[in-house]
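> Contents are compact mmCIF, C-alpha atoms and all ligand atoms; file name query39.txt:
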# COMPACT_ATOMS: atom_id res chain seq x y z
CA MET R 1 0.00 0.00 0.00
CA LEU R 2 2.83 2.38 0.86
CA ASP R 3 4.26 1.99 -2.64
CA ASN R 4 0.85 2.79 -4.07
CA VAL R 5 0.62 5.93 -1.94
CA GLU R 6 4.07 7.09 -3.07
CA PHE R 7 3.16 6.33 -6.69
CA LEU R 8 -0.06 8.32 -6.33
CA LYS R 9 1.81 11.26 -4.80
CA GLU R 10 4.36 11.26 -7.64
CA LYS R 11 1.58 11.19 -10.18
CA MET R 12 -0.23 14.06 -8.45
CA VAL R 13 2.92 16.19 -8.54
CA LEU R 14 3.45 15.41 -12.23
CA THR R 15 -0.20 16.12 -13.04
CA CYS R 16 0.04 19.54 -11.36
CA LYS R 17 3.23 20.35 -13.28
CA VAL R 18 1.57 19.49 -16.59
CA LEU R 19 -1.49 21.60 -15.77
CA GLN R 20 0.70 24.52 -14.78
CA LYS R 21 2.82 24.17 -17.94
CA GLN R 22 -0.39 24.26 -19.99
CA GLY R 23 -1.39 27.49 -18.26
CA VAL R 24 -4.58 26.13 -16.72
CA LEU R 25 -3.31 26.28 -13.11
CA ASP R 26 -1.94 29.40 -11.49
CA GLY R 27 -1.24 30.27 -7.86
CA TYR R 28 -4.53 28.71 -6.82
CA GLY R 29 -6.45 25.50 -7.45
CA HIS R 30 -5.94 22.06 -5.94
CA LEU R 31 -5.80 18.37 -6.72
CA SER R 32 -6.78 15.44 -4.51
CA ALA R 33 -6.91 11.64 -4.73
CA ARG R 34 -8.82 9.13 -2.65
CA LEU R 35 -7.00 6.63 -0.45
CA PRO R 36 -8.53 3.54 1.17
CA GLY R 37 -9.90 3.98 4.67
CA ASP R 38 -11.69 7.30 4.20
CA ARG R 39 -8.46 9.21 3.69
CA ILE R 40 -7.57 11.67 0.93
CA LEU R 41 -4.25 12.82 -0.52
CA SER R 42 -4.30 16.53 -1.29
CA THR R 43 -2.06 19.30 -2.50
CA PRO R 44 -1.66 21.71 0.44
CA HIS R 45 -2.42 25.42 0.70
CA MET R 46 0.19 26.54 -1.85
CA PRO R 47 0.41 26.97 -5.65
CA PRO R 48 -0.28 23.43 -6.95
CA GLY R 49 2.26 23.65 -9.76
CA LYS R 50 4.99 24.23 -7.16
CA VAL R 51 4.07 21.22 -5.01
CA ALA R 52 6.82 18.65 -4.39
CA LEU R 53 6.38 15.08 -3.20
CA ARG R 54 7.04 15.99 0.45
CA ASP R 55 4.32 18.67 0.37
CA ILE R 56 1.35 16.35 -0.29
CA ILE R 57 -0.83 16.06 2.82
CA VAL R 58 -3.31 13.43 4.00
CA ILE R 59 -6.73 14.58 5.21
CA ASP R 60 -9.80 12.74 6.49
CA MET R 61 -13.33 12.91 5.09
CA GLN R 62 -14.09 15.93 7.27
CA GLY R 63 -11.13 17.79 5.74
CA LYS R 64 -9.02 17.53 8.88
CA LYS R 65 -5.28 17.08 8.33
CA LEU R 66 -3.88 13.70 9.36
CA GLU R 67 -0.35 13.85 7.93
CA GLY R 68 2.02 16.42 6.43
CA SER R 69 3.40 19.83 7.29
CA GLY R 70 1.25 22.01 5.03
CA GLU R 71 -2.31 23.12 5.68
CA PRO R 72 -5.47 22.03 3.81
CA ASN R 73 -6.85 24.37 1.15
CA GLY R 74 -9.75 26.64 2.05
CA GLU R 75 -11.98 24.90 -0.49
CA THR R 76 -11.30 21.38 0.82
CA PRO R 77 -15.04 20.92 1.69
CA MET R 78 -15.76 20.73 -2.06
CA HIS R 79 -13.51 17.67 -2.34
CA THR R 80 -14.81 15.86 0.74
CA SER R 81 -18.45 16.51 -0.21
CA ILE R 82 -17.92 15.04 -3.68
CA TYR R 83 -16.04 11.97 -2.39
CA LYS R 84 -18.86 11.29 0.09
CA VAL R 85 -21.59 11.07 -2.55
CA ARG R 86 -19.57 9.74 -5.50
CA PRO R 87 -17.89 6.42 -4.60
CA ASP R 88 -16.77 6.10 -8.24
CA VAL R 89 -14.68 9.29 -8.03
CA GLN R 90 -11.02 8.62 -7.20
CA CYS R 91 -9.54 12.07 -7.87
CA ILE R 92 -10.65 15.69 -8.16
CA LEU R 93 -9.18 18.81 -9.75
CA HIS R 94 -10.44 22.29 -8.91
CA TYR R 95 -9.07 25.26 -10.84
CA HIS R 96 -9.88 28.74 -12.18
CA PRO R 97 -8.93 28.92 -15.89
CA ASP R 98 -10.08 32.13 -17.60
CA GLU R 99 -11.86 30.24 -20.39
CA VAL R 100 -13.92 28.17 -17.95
CA VAL R 101 -14.79 31.25 -15.90
CA ALA R 102 -15.91 33.04 -19.09
CA VAL R 103 -18.22 30.22 -20.14
CA SER R 104 -19.58 29.86 -16.60
CA VAL R 105 -20.98 33.39 -16.60
CA ALA R 106 -22.76 32.90 -19.94
CA SER R 107 -25.20 30.45 -18.31
CA GLN R 108 -24.66 27.92 -21.06
CA GLY R 109 -22.12 25.35 -19.85
CA VAL R 110 -19.53 23.83 -22.15
CA LYS R 111 -20.93 22.95 -25.57
CA VAL R 112 -19.44 20.11 -27.57
CA VAL R 113 -18.14 22.07 -30.55
CA ALA R 114 -14.91 20.07 -30.89
CA ASN R 115 -13.73 16.51 -30.36
CA CYS R 116 -11.90 17.45 -27.16
CA GLY R 117 -15.30 18.24 -25.66
CA VAL R 118 -16.99 14.88 -26.14
CA HIS R 119 -16.19 13.84 -22.55
CA PHE R 120 -18.63 16.52 -21.44
CA TYR R 121 -21.59 15.69 -23.68
CA ARG R 122 -23.75 14.81 -20.66
CA GLY R 123 -23.54 18.41 -19.58
CA THR R 124 -21.46 20.68 -17.38
CA PRO R 125 -23.95 22.10 -14.86
CA ILE R 126 -23.25 25.49 -13.31
CA TYR R 127 -23.10 26.08 -9.55
CA ASP R 128 -24.70 29.50 -9.47
CA SER R 129 -22.52 31.42 -7.01
CA PRO R 130 -19.01 32.90 -7.16
CA VAL R 131 -18.47 32.55 -3.39
CA LEU R 132 -15.62 30.19 -2.49
CA ILE R 133 -16.56 26.70 -1.25
CA ARG R 134 -15.24 27.00 2.28
CA ASN R 135 -17.84 25.06 4.26
CA HIS R 136 -19.57 21.69 4.02
CA GLU R 137 -22.94 23.18 3.21
CA ARG R 138 -21.57 24.80 0.04
CA GLY R 139 -19.51 21.69 -0.70
CA ASP R 140 -22.66 19.59 -0.60
CA LYS R 141 -24.39 22.02 -2.98
CA VAL R 142 -21.52 21.80 -5.48
CA ALA R 143 -21.60 17.99 -5.21
CA ALA R 144 -25.37 18.02 -5.81
CA THR R 145 -24.92 20.31 -8.83
CA LEU R 146 -22.23 18.00 -10.24
CA GLY R 147 -24.57 15.03 -9.84
CA ASP R 148 -23.30 12.04 -11.83
CA ARG R 149 -21.36 14.14 -14.38
CA ASN R 150 -17.58 14.56 -14.65
CA ALA R 151 -17.41 18.37 -14.53
CA VAL R 152 -19.18 21.25 -12.83
CA LEU R 153 -18.64 24.96 -13.53
CA LEU R 154 -18.75 27.50 -10.70
CA ARG R 155 -20.14 30.83 -11.87
CA GLY R 156 -17.48 33.52 -12.12
CA HIS R 157 -15.08 31.31 -10.20
CA GLY R 158 -13.81 28.22 -12.06
CA GLY R 159 -14.47 24.55 -12.57
CA THR R 160 -14.11 21.15 -10.93
CA VAL R 161 -13.50 17.89 -12.78
CA VAL R 162 -13.65 14.38 -11.35
CA ALA R 163 -12.35 11.04 -12.63
CA ASN R 164 -11.56 7.49 -11.63
CA ASP R 165 -7.82 7.86 -12.23
CA LEU R 166 -5.25 10.64 -12.54
CA ASP R 167 -4.52 10.11 -16.25
CA ARG R 168 -8.18 10.58 -17.02
CA LEU R 169 -8.37 13.58 -14.69
CA LEU R 170 -5.46 15.23 -16.47
CA ARG R 171 -7.16 14.75 -19.81
CA LEU R 172 -10.48 16.10 -18.55
CA GLY R 173 -8.73 19.05 -16.90
CA ILE R 174 -7.00 20.10 -20.12
CA ASP R 175 -9.87 19.26 -22.45
CA LEU R 176 -12.45 21.22 -20.45
CA VAL R 177 -10.34 24.34 -20.92
CA ARG R 178 -9.69 23.62 -24.61
CA SER R 179 -13.41 23.07 -25.19
CA ALA R 180 -14.31 26.33 -23.45
CA ARG R 181 -11.65 28.14 -25.49
CA ILE R 182 -12.95 26.82 -28.81
CA GLN R 183 -16.52 27.65 -27.76
CA ILE R 184 -15.46 31.24 -27.09
CA MET R 185 -13.60 31.38 -30.45
CA THR R 186 -16.72 30.23 -32.29
CA ALA R 187 -19.03 32.66 -30.49
CA SER R 188 -18.49 35.37 -33.12
CA LEU R 189 -19.08 33.05 -36.09
CA GLY R 190 -22.85 32.97 -35.90
CA LEU R 191 -24.63 29.65 -35.89
CA VAL R 192 -22.23 26.78 -35.26
CA LYS R 193 -22.90 23.07 -35.27
CA THR R 194 -22.44 21.10 -32.08
CA HIS R 195 -21.75 17.37 -31.96
CA THR R 196 -24.90 15.27 -31.80
CA GLN R 197 -25.49 12.99 -28.84
CA ALA R 198 -25.02 9.95 -31.09
CA GLU R 199 -21.68 11.28 -32.35
CA CYS R 200 -20.51 11.93 -28.79
CA GLU R 201 -21.63 8.51 -27.56
CA GLU R 202 -19.82 6.78 -30.41
CA MET R 203 -16.60 8.69 -29.70
CA VAL R 204 -16.79 8.18 -25.94
CA ARG R 205 -17.18 4.42 -26.48
CA GLY R 206 -13.77 4.52 -28.17
CA HIS R 207 -12.32 5.99 -24.97
CA ASP R 208 -12.88 2.67 -23.21
CA ARG R 209 -10.15 0.97 -25.24
CA PRO R 210 -7.12 0.01 -23.15
CA ASP R 211 -4.40 2.66 -23.19
CA THR R 212 -6.54 5.07 -25.17
CA ASN R 213 -5.12 7.96 -23.13
CA ARG R 214 -1.48 6.86 -23.44
CA ARG R 215 -0.39 8.98 -26.38
CA TYR R 216 -2.20 12.02 -25.00
CA ILE R 217 -0.73 11.67 -21.50
CA ASP R 218 2.78 10.81 -22.72
CA TYR R 219 2.84 13.93 -24.87
CA TYR R 220 1.93 16.28 -22.04
CA ILE R 221 4.29 14.58 -19.57
CA SER R 222 7.13 14.83 -22.09
CA GLU R 223 6.62 18.59 -21.99
CA VAL R 224 7.57 18.75 -18.29
CA VAL R 225 10.25 16.06 -17.89
CA ASP R 226 13.66 15.93 -19.55
ZN ZN H 1 -11.81 27.96 -6.30
Could you show the structure in this file as structure tokens?

Amino acid sequence: MLDNVEFLKEKMVLTCKVLQKQGVLDGYGHLSARLPGDRILSTPHMPPGKVALRDIIVIDMQGKKLEGSGEPNGETPMHTSIYKVRPDVQCILHYHPDEVVAVSVASQGVKVVANCGVHFYRGTPIYDSPVLIRNHERGDKVAATLGDRNAVLLRGHGGTVVANDLDRLLRLGIDLVRSARIQIMTASLGLVKTHTQAECEEMVRGHDRPDTNRRYIDYYISEVVD
């Protein structure tokens, strides 16, 4: 188990570095991963792209720190609330990319206008408040807004994506921003076509193939390691 925990921590650090290199993380935002026994690994209260292995902390399902020298992030309740109601979710990314914030205030969610958006064809509901998620009551409301989807937008604030492993989370984290960016680019073009549900479902089925993320993940990791 210890080896698994160290592996998870290394992967979290690498994931944060990739997201920072891609310009979707800044001084804020956080990443967490579920451990057995109602424990959670989390980046601490510091810029996630600067987190080293030794900085990752362990918290419990109430957000209380169990291990590590850093402090939990102020928005930790969002993570614990989602883990409580989504047993399928193994990791969570919360961030504030400009493109996602822009789409969140247009009350429309992310539309599937490009192939990178097909992960989100079931909708990206909007939590309708810009106030930070610093207590369990708000965390529960974000979790309820997310429902059984893989992304929720927070109006004027940012977005949160969830996945069952860190490779998938990295892909969703980058592709949500790319999708929002393309949506904004197409906004001035008049009527644009969005992918149909059948097209999205067919493409998402292809994502279940073994190692379907490998080329994508390897490319982004190669951008941050020598
Ligand atoms: Zn936030």
> Using all atoms listed in the file, which protein or nucleic acid residues are at most 7 Å from ligand ZN 1 (chain H), as a list in words?
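Listing the residues within 7 Å of ligand ZN 1 (chain H) gives Gly29, Glu75, His94, Tyr95, His96, Leu132, His157 and Gly158 of chain R.
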> Distance atom CA of Asn150 of chain R-atom CA of Val204 of chain R, one decimal place?
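It comes out at 13.0 Å.
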> Atom CA of Gly147 of chain R and atom CA of Arg205 of chain R are how many Å apart?
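Taking atom CA of Gly147 of chain R as the start and atom CA of Arg205 of chain R as the end point, the length is 21.1 Å.
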> Find the residues near segment 164-178 of chain R: any atom within 9 Å, counting all atoms listed in the file, skip ones fewer than 4 places away on the same chain, and give them as a PyMOL selection string.
chain R and resi 8+11-12+15-16+18-19+22+24+33+88-95+97-100+110+114+116-117+119-120+150-151+159-160+182-183+213-214+216-217
> Go ahead and dump the residues you just picked, C-alpha atoms, as a PDB file, keeping the file's coordinate frame.

ATOM      1  CA  LEU R   8      -0.060   8.320  -6.330  1.00  0.00           C
ATOM      2  CA  LYS R  11       1.580  11.190 -10.180  1.00  0.00           C
ATOM      3  CA  MET R  12      -0.230  14.060  -8.450  1.00  0.00           C
ATOM      4  CA  THR R  15      -0.200  16.120 -13.040  1.00  0.00           C
ATOM      5  CA  CYS R  16       0.040  19.540 -11.360  1.00  0.00           C
ATOM      6  CA  VAL R  18       1.570  19.490 -16.590  1.00  0.00           C
ATOM      7  CA  LEU R  19      -1.490  21.600 -15.770  1.00  0.00           C
ATOM      8  CA  GLN R  22      -0.390  24.260 -19.990  1.00  0.00           C
ATOM      9  CA  VAL R  24      -4.580  26.130 -16.720  1.00  0.00           C
ATOM     10  CA  ALA R  33      -6.910  11.640  -4.730  1.00  0.00           C
ATOM     11  CA  ASP R  88     -16.770   6.100  -8.240  1.00  0.00           C
ATOM     12  CA  VAL R  89     -14.680   9.290  -8.030  1.00  0.00           C
ATOM     13  CA  GLN R  90     -11.020   8.620  -7.200  1.00  0.00           C
ATOM     14  CA  CYS R  91      -9.540  12.070  -7.870  1.00  0.00           C
ATOM     15  CA  ILE R  92     -10.650  15.690  -8.160  1.00  0.00           C
ATOM     16  CA  LEU R  93      -9.180  18.810  -9.750  1.00  0.00           C
ATOM     17  CA  HIS R  94     -10.440  22.290  -8.910  1.00  0.00           C
ATOM     18  CA  TYR R  95      -9.070  25.260 -10.840  1.00  0.00           C
ATOM     19  CA  PRO R  97      -8.930  28.920 -15.890  1.00  0.00           C
ATOM     20  CA  ASP R  98     -10.080  32.130 -17.600  1.00  0.00           C
ATOM     21  CA  GLU R  99     -11.860  30.240 -20.390  1.00  0.00           C
ATOM     22  CA  VAL R 100     -13.920  28.170 -17.950  1.00  0.00           C
ATOM     23  CA  VAL R 110     -19.530  23.830 -22.150  1.00  0.00           C
ATOM     24  CA  ALA R 114     -14.910  20.070 -30.890  1.00  0.00           C
ATOM     25  CA  CYS R 116     -11.900  17.450 -27.160  1.00  0.00           C
ATOM     26  CA  GLY R 117     -15.300  18.240 -25.660  1.00  0.00           C
ATOM     27  CA  HIS R 119     -16.190  13.840 -22.550  1.00  0.00           C
ATOM     28  CA  PHE R 120     -18.630  16.520 -21.440  1.00  0.00           C
ATOM     29  CA  ASN R 150     -17.580  14.560 -14.650  1.00  0.00           C
ATOM     30  CA  ALA R 151     -17.410  18.370 -14.530  1.00  0.00           C
ATOM     31  CA  GLY R 159     -14.470  24.550 -12.570  1.00  0.00           C
ATOM     32  CA  THR R 160     -14.110  21.150 -10.930  1.00  0.00           C
ATOM     33  CA  ILE R 182     -12.950  26.820 -28.810  1.00  0.00           C
ATOM     34  CA  GLN R 183     -16.520  27.650 -27.760  1.00  0.00           C
ATOM     35  CA  ASN R 213      -5.120   7.960 -23.130  1.00  0.00           C
ATOM     36  CA  ARG R 214      -1.480   6.860 -23.440  1.00  0.00           C
ATOM     37  CA  TYR R 216      -2.200  12.020 -25.000  1.00  0.00           C
ATOM     38  CA  ILE R 217      -0.730  11.670 -21.500  1.00  0.00           C
TER      39      ILE R 217
END
> Please list, as a compact mmCIF listing (two decimals) with C-alpha atoms, in the coordinates of the input, the residues that have an atom at most 12 Å away from (-21.5, 27.2, -10.1) in the coordinates of this file, counting all atoms listed in the file.

# COMPACT_ATOMS: atom_id res chain seq x y z
CA MET R 78 -15.76 20.73 -2.06
CA HIS R 96 -9.88 28.74 -12.18
CA VAL R 100 -13.92 28.17 -17.95
CA VAL R 101 -14.79 31.25 -15.90
CA VAL R 103 -18.22 30.22 -20.14
CA SER R 104 -19.58 29.86 -16.60
CA VAL R 105 -20.98 33.39 -16.60
CA ALA R 106 -22.76 32.90 -19.94
CA SER R 107 -25.20 30.45 -18.31
CA GLN R 108 -24.66 27.92 -21.06
CA GLY R 109 -22.12 25.35 -19.85
CA THR R 124 -21.46 20.68 -17.38
CA PRO R 125 -23.95 22.10 -14.86
CA ILE R 126 -23.25 25.49 -13.31
CA TYR R 127 -23.10 26.08 -9.55
CA ASP R 128 -24.70 29.50 -9.47
CA SER R 129 -22.52 31.42 -7.01
CA PRO R 130 -19.01 32.90 -7.16
CA VAL R 131 -18.47 32.55 -3.39
CA LEU R 132 -15.62 30.19 -2.49
CA ILE R 133 -16.56 26.70 -1.25
CA ARG R 138 -21.57 24.80 0.04
CA GLY R 139 -19.51 21.69 -0.70
CA LYS R 141 -24.39 22.02 -2.98
CA VAL R 142 -21.52 21.80 -5.48
CA ALA R 143 -21.60 17.99 -5.21
CA ALA R 144 -25.37 18.02 -5.81
CA THR R 145 -24.92 20.31 -8.83
CA LEU R 146 -22.23 18.00 -10.24
CA ALA R 151 -17.41 18.37 -14.53
CA VAL R 152 -19.18 21.25 -12.83
CA LEU R 153 -18.64 24.96 -13.53
CA LEU R 154 -18.75 27.50 -10.70
CA ARG R 155 -20.14 30.83 -11.87
CA GLY R 156 -17.48 33.52 -12.12
CA HIS R 157 -15.08 31.31 -10.20
CA GLY R 158 -13.81 28.22 -12.06
CA GLY R 159 -14.47 24.55 -12.57
CA THR R 160 -14.11 21.15 -10.93
> Work out how far atom CA of Leu14 of chain R is from atom CA of Val51 of chain R, in Å to one decimal.
9.3 Å
> For segment 136-139 of chain R, take all atoms listed in the file, fit an axis-aligned box around them, add 3 Å to each of the six sides, then output centre and edge lengths in Å rounded to one decimal, as JSON.

{"center_x": -21.2, "center_y": 23.2, "center_z": 1.7, "size_x": 9.4, "size_y": 9.1, "size_z": 10.7}
